[in-house]
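As stored in my_file_23.pdb (PDB, C-alpha atoms):
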```
ATOM      1  CA  MET Y   9      15.799   2.118 -12.125  1.00  0.00           C
ATOM      2  CA  LYS Y  10      16.165   3.579  -8.649  1.00  0.00           C
ATOM      3  CA  ALA Y  11      13.067   4.022  -6.522  1.00  0.00           C
ATOM      4  CA  GLY Y  12      14.560   6.825  -4.391  1.00  0.00           C
ATOM      5  CA  PRO Y  13      14.087   9.695  -6.858  1.00  0.00           C
ATOM      6  CA  LEU Y  14      10.507   8.636  -7.582  1.00  0.00           C
ATOM      7  CA  ILE Y  15       9.746   8.457  -3.854  1.00  0.00           C
ATOM      8  CA  ALA Y  16      11.219  11.961  -3.473  1.00  0.00           C
ATOM      9  CA  ALA Y  17       9.141  13.142  -6.444  1.00  0.00           C
ATOM     10  CA  SER Y  18       5.983  12.001  -4.627  1.00  0.00           C
ATOM     11  CA  ALA Y  19       6.611  14.362  -1.663  1.00  0.00           C
ATOM     12  CA  VAL Y  20       4.433  17.204  -2.955  1.00  0.00           C
ATOM     13  CA  PHE Y  21       1.387  14.942  -3.116  1.00  0.00           C
ATOM     14  CA  PHE Y  22       1.325  14.751   0.680  1.00  0.00           C
ATOM     15  CA  PHE Y  23       1.314  18.520   1.138  1.00  0.00           C
ATOM     16  CA  LEU Y  24      -1.812  18.737   3.277  1.00  0.00           C
ATOM     17  CA  TRP Y  25      -0.727  15.836   5.457  1.00  0.00           C
ATOM     18  CA  ALA Y  26       2.492  17.778   6.097  1.00  0.00           C
ATOM     19  CA  VAL Y  27       0.933  21.252   6.387  1.00  0.00           C
ATOM     20  CA  MET Y  28      -1.459  20.413   9.207  1.00  0.00           C
ATOM     21  CA  PRO Y  29       1.070  18.937  11.689  1.00  0.00           C
ATOM     22  CA  VAL Y  30       3.711  21.595  10.916  1.00  0.00           C
ATOM     23  CA  MET Y  31       1.258  24.452  11.430  1.00  0.00           C
ATOM     24  CA  LEU Y  32      -0.022  22.891  14.656  1.00  0.00           C
ATOM     25  CA  ALA Y  33       3.484  22.224  15.975  1.00  0.00           C
ATOM     26  CA  SER Y  34       4.675  25.743  15.120  1.00  0.00           C
ATOM     27  CA  HIS Y  35       1.443  27.378  16.361  1.00  0.00           C
ATOM     28  CA  GLY Y  36       0.953  28.942  12.939  1.00  0.00           C
ATOM     29  CA  SER Y  37       4.369  30.598  12.688  1.00  0.00           C
ATOM     30  CA  ILE Y  38       5.308  28.366   9.739  1.00  0.00           C
ATOM     31  CA  GLY Y  39       2.745  28.899   6.995  1.00  0.00           C
ATOM     32  CA  SER Y  40       1.437  26.443   4.442  1.00  0.00           C
ATOM     33  CA  GLY Y  41       3.335  28.204   1.652  1.00  0.00           C
ATOM     34  CA  SER Y  42       6.658  27.397   3.321  1.00  0.00           C
ATOM     35  CA  VAL Y  43       5.734  23.718   3.671  1.00  0.00           C
ATOM     36  CA  ILE Y  44       4.523  23.522   0.069  1.00  0.00           C
ATOM     37  CA  PHE Y  45       7.738  25.268  -1.029  1.00  0.00           C
ATOM     38  CA  LEU Y  46       9.881  22.665   0.771  1.00  0.00           C
ATOM     39  CA  LEU Y  47       7.847  19.713  -0.555  1.00  0.00           C
ATOM     40  CA  SER Y  48       7.962  21.187  -4.084  1.00  0.00           C
ATOM     41  CA  LEU Y  49      11.719  21.517  -3.801  1.00  0.00           C
ATOM     42  CA  ILE Y  50      12.037  17.861  -2.755  1.00  0.00           C
ATOM     43  CA  SER Y  51       9.707  16.757  -5.568  1.00  0.00           C
ATOM     44  CA  LEU Y  52      11.535  18.858  -8.138  1.00  0.00           C
ATOM     45  CA  ALA Y  53      14.906  17.428  -7.112  1.00  0.00           C
ATOM     46  CA  GLY Y  54      13.535  13.869  -7.160  1.00  0.00           C
ATOM     47  CA  SER Y  55      11.836  14.269 -10.523  1.00  0.00           C
ATOM     48  CA  VAL Y  56      14.919  15.816 -12.140  1.00  0.00           C
ATOM     49  CA  GLU Y  57      17.069  12.971 -10.802  1.00  0.00           C
ATOM     50  CA  PHE Y  58      14.461  10.463 -11.989  1.00  0.00           C
ATOM     51  CA  LEU Y  59      14.409  11.960 -15.502  1.00  0.00           C
ATOM     52  CA  ARG Y  60      18.184  11.971 -15.598  1.00  0.00           C
ATOM     53  CA  ALA Y  61      18.174   8.232 -14.876  1.00  0.00           C
ATOM     54  CA  MET Y  62      15.305   7.631 -17.321  1.00  0.00           C
ATOM     55  CA  ARG Y  63      17.275   9.183 -20.199  1.00  0.00           C
ATOM     56  CA  ARG Y  64      19.465   6.094 -20.195  1.00  0.00           C
ATOM     57  CA  GLU Y  65      16.655   3.573 -19.686  1.00  0.00           C
ATOM     58  CA  SER Y  66      13.642   4.740 -21.675  1.00  0.00           C
ATOM     59  CA  PRO Y  67      13.096   6.392 -25.044  1.00  0.00           C
ATOM     60  CA  ARG Y  68      10.002   8.097 -23.573  1.00  0.00           C
ATOM     61  CA  TRP Y  69      11.872   9.871 -20.754  1.00  0.00           C
ATOM     62  CA  PHE Y  70      10.720  13.285 -22.012  1.00  0.00           C
ATOM     63  CA  TRP Y  71       7.119  12.445 -21.000  1.00  0.00           C
ATOM     64  CA  GLY Y  72       8.217  13.270 -17.466  1.00  0.00           C
ATOM     65  CA  ILE Y  73       9.100  16.858 -18.344  1.00  0.00           C
ATOM     66  CA  PRO Y  74       5.567  18.202 -17.607  1.00  0.00           C
ATOM     67  CA  PHE Y  75       5.890  16.927 -14.026  1.00  0.00           C
ATOM     68  CA  VAL Y  76       9.168  18.818 -13.636  1.00  0.00           C
ATOM     69  CA  ALA Y  77       7.514  21.915 -15.134  1.00  0.00           C
ATOM     70  CA  VAL Y  78       4.565  21.785 -12.713  1.00  0.00           C
ATOM     71  CA  CYS Y  79       6.904  21.269  -9.735  1.00  0.00           C
ATOM     72  CA  THR Y  80       8.995  24.207 -10.943  1.00  0.00           C
ATOM     73  CA  ALA Y  81       5.928  26.441 -11.308  1.00  0.00           C
ATOM     74  CA  LEU Y  82       4.742  25.468  -7.833  1.00  0.00           C
ATOM     75  CA  LEU Y  83       8.190  26.080  -6.384  1.00  0.00           C
ATOM     76  CA  LEU Y  84       8.454  29.470  -8.073  1.00  0.00           C
ATOM     77  CA  TRP Y  85       4.985  30.516  -6.946  1.00  0.00           C
ATOM     78  CA  THR Y  86       5.442  29.527  -3.315  1.00  0.00           C
ATOM     79  CA  GLY Y  87       9.056  30.690  -3.213  1.00  0.00           C
ATOM     80  CA  VAL Y  88       8.927  33.983  -5.047  1.00  0.00           C
ATOM     81  CA  ALA Y  89       5.574  35.154  -6.330  1.00  0.00           C
ATOM     82  CA  ALA Y  90       3.528  34.517  -3.182  1.00  0.00           C
ATOM     83  CA  TRP Y  91       5.656  37.035  -1.279  1.00  0.00           C
ATOM     84  CA  ALA Y  92       5.989  39.473  -4.181  1.00  0.00           C
ATOM     85  CA  VAL Y  93       2.238  39.466  -4.895  1.00  0.00           C
ATOM     86  CA  PRO Y  94       0.616  39.228  -1.455  1.00  0.00           C
ATOM     87  CA  ASP Y  95      -2.836  40.395  -2.567  1.00  0.00           C
ATOM     88  CA  HIS Y  96      -4.133  37.695  -4.896  1.00  0.00           C
ATOM     89  CA  SER Y  97      -7.535  36.140  -5.261  1.00  0.00           C
ATOM     90  CA  GLY Y  98      -7.619  32.461  -4.420  1.00  0.00           C
ATOM     91  CA  ASN Y  99      -4.502  30.430  -3.936  1.00  0.00           C
ATOM     92  CA  PRO Y 100      -2.683  29.806  -7.221  1.00  0.00           C
ATOM     93  CA  ALA Y 101      -0.436  27.242  -5.503  1.00  0.00           C
ATOM     94  CA  PHE Y 102      -3.471  25.081  -4.793  1.00  0.00           C
ATOM     95  CA  GLN Y 103      -4.694  25.618  -8.349  1.00  0.00           C
ATOM     96  CA  ILE Y 104      -1.307  24.604  -9.767  1.00  0.00           C
ATOM     97  CA  MET Y 105      -1.534  21.383  -7.743  1.00  0.00           C
ATOM     98  CA  PHE Y 106      -4.488  20.304  -9.873  1.00  0.00           C
ATOM     99  CA  LEU Y 107      -1.964  19.870 -12.697  1.00  0.00           C
ATOM    100  CA  LEU Y 108       0.224  17.445 -10.719  1.00  0.00           C
ATOM    101  CA  PRO Y 109      -1.819  14.216 -11.239  1.00  0.00           C
ATOM    102  CA  PRO Y 110      -1.995  14.528 -15.050  1.00  0.00           C
ATOM    103  CA  ALA Y 111       1.726  15.268 -15.083  1.00  0.00           C
ATOM    104  CA  ALA Y 112       2.321  12.254 -12.802  1.00  0.00           C
ATOM    105  CA  ALA Y 113       0.393  10.055 -15.254  1.00  0.00           C
ATOM    106  CA  LEU Y 114       2.793  11.164 -17.989  1.00  0.00           C
ATOM    107  CA  LEU Y 115       5.706  10.525 -15.651  1.00  0.00           C
ATOM    108  CA  LEU Y 116       4.516   6.954 -15.084  1.00  0.00           C
ATOM    109  CA  SER Y 117       4.102   6.537 -18.834  1.00  0.00           C
ATOM    110  CA  SER Y 118       7.767   7.387 -19.315  1.00  0.00           C
ATOM    111  CA  PHE Y 119       8.855   4.125 -17.652  1.00  0.00           C
ATOM    112  CA  PRO Y 120      10.700   1.526 -19.746  1.00  0.00           C
ATOM    113  CA  ASP Y 121       8.503  -1.089 -21.451  1.00  0.00           C
ATOM    114  CA  ASP Y 122       9.329  -3.975 -19.101  1.00  0.00           C
ATOM    115  CA  CYS Y 123       8.518  -1.832 -16.077  1.00  0.00           C
ATOM    116  CA  ARG Y 124       5.344  -0.319 -17.569  1.00  0.00           C
ATOM    117  CA  LYS Y 125       3.827  -3.796 -17.725  1.00  0.00           C
ATOM    118  CA  ARG Y 126       4.350  -4.238 -13.973  1.00  0.00           C
ATOM    119  CA  VAL Y 127       2.803  -0.883 -13.072  1.00  0.00           C
ATOM    120  CA  ARG Y 128      -0.140  -0.888 -15.449  1.00  0.00           C
ATOM    121  CA  MET Y 129      -2.795  -0.597 -12.689  1.00  0.00           C
ATOM    122  CA  PRO Y 130      -1.144   2.366 -10.870  1.00  0.00           C
ATOM    123  CA  THR Y 131      -0.742   4.100 -14.229  1.00  0.00           C
ATOM    124  CA  VAL Y 132      -4.423   3.619 -15.062  1.00  0.00           C
ATOM    125  CA  VAL Y 133      -5.556   4.877 -11.637  1.00  0.00           C
ATOM    126  CA  VAL Y 134      -3.269   7.925 -11.792  1.00  0.00           C
ATOM    127  CA  THR Y 135      -4.487   8.643 -15.333  1.00  0.00           C
ATOM    128  CA  VAL Y 136      -8.143   8.542 -14.236  1.00  0.00           C
ATOM    129  CA  LEU Y 137      -7.377  10.796 -11.269  1.00  0.00           C
ATOM    130  CA  GLY Y 138      -5.399  13.039 -13.639  1.00  0.00           C
ATOM    131  CA  ILE Y 139      -8.388  13.415 -15.954  1.00  0.00           C
ATOM    132  CA  ALA Y 140     -10.619  14.291 -12.999  1.00  0.00           C
ATOM    133  CA  SER Y 141      -7.954  16.715 -11.820  1.00  0.00           C
ATOM    134  CA  LEU Y 142      -7.888  18.408 -15.228  1.00  0.00           C
ATOM    135  CA  PHE Y 143     -11.597  19.123 -14.891  1.00  0.00           C
ATOM    136  CA  LEU Y 144     -10.944  20.605 -11.446  1.00  0.00           C
ATOM    137  CA  ALA Y 145      -8.072  22.662 -12.888  1.00  0.00           C
ATOM    138  CA  PHE Y 146     -10.347  23.921 -15.636  1.00  0.00           C
ATOM    139  CA  GLY Y 147     -12.860  25.037 -13.031  1.00  0.00           C
ATOM    140  CA  ALA Y 148     -10.213  26.569 -10.779  1.00  0.00           C
ATOM    141  CA  PHE Y 149      -8.339  28.498 -13.475  1.00  0.00           C
ATOM    142  CA  LEU Y 150     -10.988  29.497 -15.986  1.00  0.00           C
ATOM    143  CA  ILE Y 151     -14.298  29.919 -14.215  1.00  0.00           C
ATOM    144  CA  PRO Y 152     -14.301  33.048 -12.044  1.00  0.00           C
ATOM    145  CA  THR Y 153     -16.541  33.059  -9.006  1.00  0.00           C
ATOM    146  CA  PRO Y 154     -18.771  36.153  -9.169  1.00  0.00           C
ATOM    147  CA  VAL Y 155     -19.938  35.873  -5.557  1.00  0.00           C
ATOM    148  CA  SER Y 156     -18.021  35.002  -2.440  1.00  0.00           C
ATOM    149  CA  ALA Y 157     -20.467  32.273  -1.444  1.00  0.00           C
ATOM    150  CA  PRO Y 158     -19.077  28.765  -0.950  1.00  0.00           C
ATOM    151  CA  GLY Y 159     -19.072  26.758  -4.132  1.00  0.00           C
ATOM    152  CA  VAL Y 160     -18.079  23.324  -5.318  1.00  0.00           C
ATOM    153  CA  MET Y 161     -14.354  23.996  -4.847  1.00  0.00           C
ATOM    154  CA  GLU Y 162     -14.782  24.595  -1.118  1.00  0.00           C
ATOM    155  CA  PHE Y 163     -16.032  21.021  -0.794  1.00  0.00           C
ATOM    156  CA  VAL Y 164     -14.080  19.260  -3.537  1.00  0.00           C
ATOM    157  CA  GLY Y 165     -10.768  20.996  -2.781  1.00  0.00           C
ATOM    158  CA  PRO Y 166     -10.252  19.585   0.736  1.00  0.00           C
ATOM    159  CA  LEU Y 167     -11.411  16.128  -0.374  1.00  0.00           C
ATOM    160  CA  TYR Y 168      -8.980  16.294  -3.262  1.00  0.00           C
ATOM    161  CA  ALA Y 169      -6.110  17.435  -1.029  1.00  0.00           C
ATOM    162  CA  LEU Y 170      -6.776  14.968   1.794  1.00  0.00           C
ATOM    163  CA  LEU Y 171      -7.506  11.836  -0.227  1.00  0.00           C
ATOM    164  CA  LEU Y 172      -6.886  11.983  -3.957  1.00  0.00           C
ATOM    165  CA  MET Y 173      -3.484  13.694  -3.965  1.00  0.00           C
ATOM    166  CA  PRO Y 174      -2.017  11.228  -1.423  1.00  0.00           C
ATOM    167  CA  VAL Y 175      -3.392   8.319  -3.476  1.00  0.00           C
ATOM    168  CA  VAL Y 176      -1.390   9.574  -6.464  1.00  0.00           C
ATOM    169  CA  GLY Y 177       1.696   9.950  -4.258  1.00  0.00           C
ATOM    170  CA  LEU Y 178       1.294   6.443  -2.865  1.00  0.00           C
ATOM    171  CA  LEU Y 179       0.905   5.030  -6.372  1.00  0.00           C
ATOM    172  CA  LEU Y 180       4.149   6.747  -7.422  1.00  0.00           C
ATOM    173  CA  ILE Y 181       5.871   5.085  -4.480  1.00  0.00           C
ATOM    174  CA  VAL Y 182       4.337   1.699  -5.382  1.00  0.00           C
ATOM    175  CA  ALA Y 183       5.446   2.127  -8.998  1.00  0.00           C
ATOM    176  CA  GLY Y 184       8.966   3.005  -7.889  1.00  0.00           C
ATOM    177  CA  ALA Y 185       9.127  -0.035  -5.627  1.00  0.00           C
ATOM    178  CA  ALA Y 186       7.713  -2.330  -8.324  1.00  0.00           C
ATOM    179  CA  CYS Y 187      10.283  -1.252 -10.903  1.00  0.00           C
ATOM    180  CA  ARG Y 188      13.392  -1.500  -8.782  1.00  0.00           C
TER     181      ARG Y 188
END
```
So, in terms of structure tokens, how does the structure I just supplied come out?
Amino acid sequence: MKAGPLIAASAVFFFLWAVMPVMLASHGSIGSGSVIFLLSLISLAGSVEFLRAMRRESPRWFWGIPFVAVCTALLLWTGVAAWAVPDHSGNPAFQIMFLLPPAAALLLSSFPDDCRKRVRMPTVVVTVLGIASLFLAFGAFLIPTPVSAPGVMEFVGPLYALLLMPVVGLLLIVAGAACR
């Protein structure tokens, strides 16, 4: 198994770490949607290449398909729909990102048996973060905010983006390195 595609697939998890320096360096002329689009494209390419390699190595390769689907949805939203539908409430790209950790847990579960034993701890941590992320996704997608006052998402969202998403990305990199 090659670690390169899995490292590329982890790119989208570092979106906020990439957005802040790019926006500062470009003085705001390059928006966060463009950075997320580029990182989603890298992650989509890496995850497709990873699944292609997994088809030969693991009978559970198809468990990685949800990760490809979430990367595709994120890429389509930031690449097409964000410009076609400029007046939207909230940021659906950020809401779609809540689905990445559960999909990454399935991606890690698609590893071959001998490799899954070596990456048991990263898989467990990503699964726990994925379950927490599903609760955040439920709140972001299904519970409308009737007032414009700051709520839980205004505090949890940045914490999630700054710390929890990069942890999942780092664990994907660790898993890729461990299963080389």
Point (7.5, -2.1, -13.6), cut-off 8 Å, counting only C-alpha atoms, residues as a PyMOL selection string: chain Y and resi 119-128+183-184+186-188
Given all atoms listed in the file as the counted atoms, nearest of Y:Leu167, Y:Ala81, Y:Leu179, Y:Met62 to Ile44 of chain Y: Y:Ala81
Selection near Val88 of chain Y, 12 Å with only C-alpha atoms, sequence-local residues under 5 positions removed, as a ChimeraX atom specification: /Y:41-42,45,80-83,93-94,101
Picked residues, the PyMOL selection byres ((chain Y and resi 19) around 8), as a ChimeraX atom specification: /Y:15-18,20-23,47-48,50-51,177
All residues 12 Å or closer to Pro74 of chain Y, all atoms listed in the file, same chain fewer than 6 positions away omitted, as a tab-separated table (two decimals) with C-alpha atoms, in the coordinates of the input:
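See part_11.tsv below for the written result:
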```tsv
chain	number	residue	atom	x	y	z
Y	52	LEU	CA	11.54	18.86	-8.14
Y	55	SER	CA	11.84	14.27	-10.52
Y	56	VAL	CA	14.92	15.82	-12.14
Y	59	LEU	CA	14.41	11.96	-15.50
Y	80	THR	CA	8.99	24.21	-10.94
Y	81	ALA	CA	5.93	26.44	-11.31
Y	107	LEU	CA	-1.96	19.87	-12.70
Y	108	LEU	CA	0.22	17.44	-10.72
Y	109	PRO	CA	-1.82	14.22	-11.24
Y	110	PRO	CA	-2.00	14.53	-15.05
Y	111	ALA	CA	1.73	15.27	-15.08
Y	112	ALA	CA	2.32	12.25	-12.80
Y	113	ALA	CA	0.39	10.06	-15.25
Y	114	LEU	CA	2.79	11.16	-17.99
Y	115	LEU	CA	5.71	10.52	-15.65
Y	116	LEU	CA	4.52	6.95	-15.08
Y	117	SER	CA	4.10	6.54	-18.83
Y	118	SER	CA	7.77	7.39	-19.32
```
Nearest to Thr86 of chain Y, chosen from Y:Trp71, Y:Ala61, Y:Val134, Y:Val43, with only C-alpha atoms counted in the distances: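 Closest to Thr86 of chain Y of all the choices is Y:Val43.
The result of the PyMOL selection byres ((chain Y and resi 169) around 9) on the shown file is Phe21, Phe22, Phe23, Leu24, Trp25, Phe102, Val164, Gly165, Pro166, Leu167, Tyr168, Leu170, Leu171, Leu172, Met173 and Pro174 of chain Y.
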Interatomic distance, atom CA of Val175 of chain Y to atom CA of Gly138 of chain Y (Å, one decimal):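 Value for the atom CA of Val175 of chain Y-atom CA of Gly138 of chain Y distance: 11.4 Å.
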Shortest interatomic distance to Val182 of chain Y - which of Y:Leu142, Y:Phe75, Y:Thr135, Y:Pro130, counting all atoms listed in the file: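 Among the listed residues, the smallest separation from Val182 of chain Y belongs to Y:Pro130.
Of the residues listed (Y:Arg68, Y:Phe58, Y:Ala53, Y:Gln103), Y:Phe58 shows the shortest atom-to-atom separation from Lys10 of chain Y; distances use only C-alpha atoms.
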Where is the centre and how long are the edges: axis-aligned box on segment 65-82 of chain Y, 6 Å on each side, Å to one decimal, as lines of an AutoDock Vina configuration file:
```
center_x = 10.6
center_y = 15.0
center_z = -16.4
size_x = 24.1
size_y = 34.9
size_z = 29.2
```
Gap from atom CA of Ile104 of chain Y to atom CA of Ala77 of chain Y - Å, one decimal: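 One can read the atom CA of Ile104 of chain Y to atom CA of Ala77 of chain Y distance as 10.7 Å.
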Using all atoms listed in the file: which of Y:Arg63, Y:Leu49, Y:Phe70, Y:Ala140 has the shortest distance to Leu84 of chain Y: Y:Leu49
For Gly87 of chain Y, the nearest of the candidates Y:Phe106, Y:Gly54, Y:Leu46, Y:Ser66, counting all atoms listed in the file: Y:Leu46
Straight-line distance linking atom CA of Pro29 of chain Y with atom CA of Ser141 of chain Y, stated in Å to one decimal: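 It comes out at 25.3 Å.
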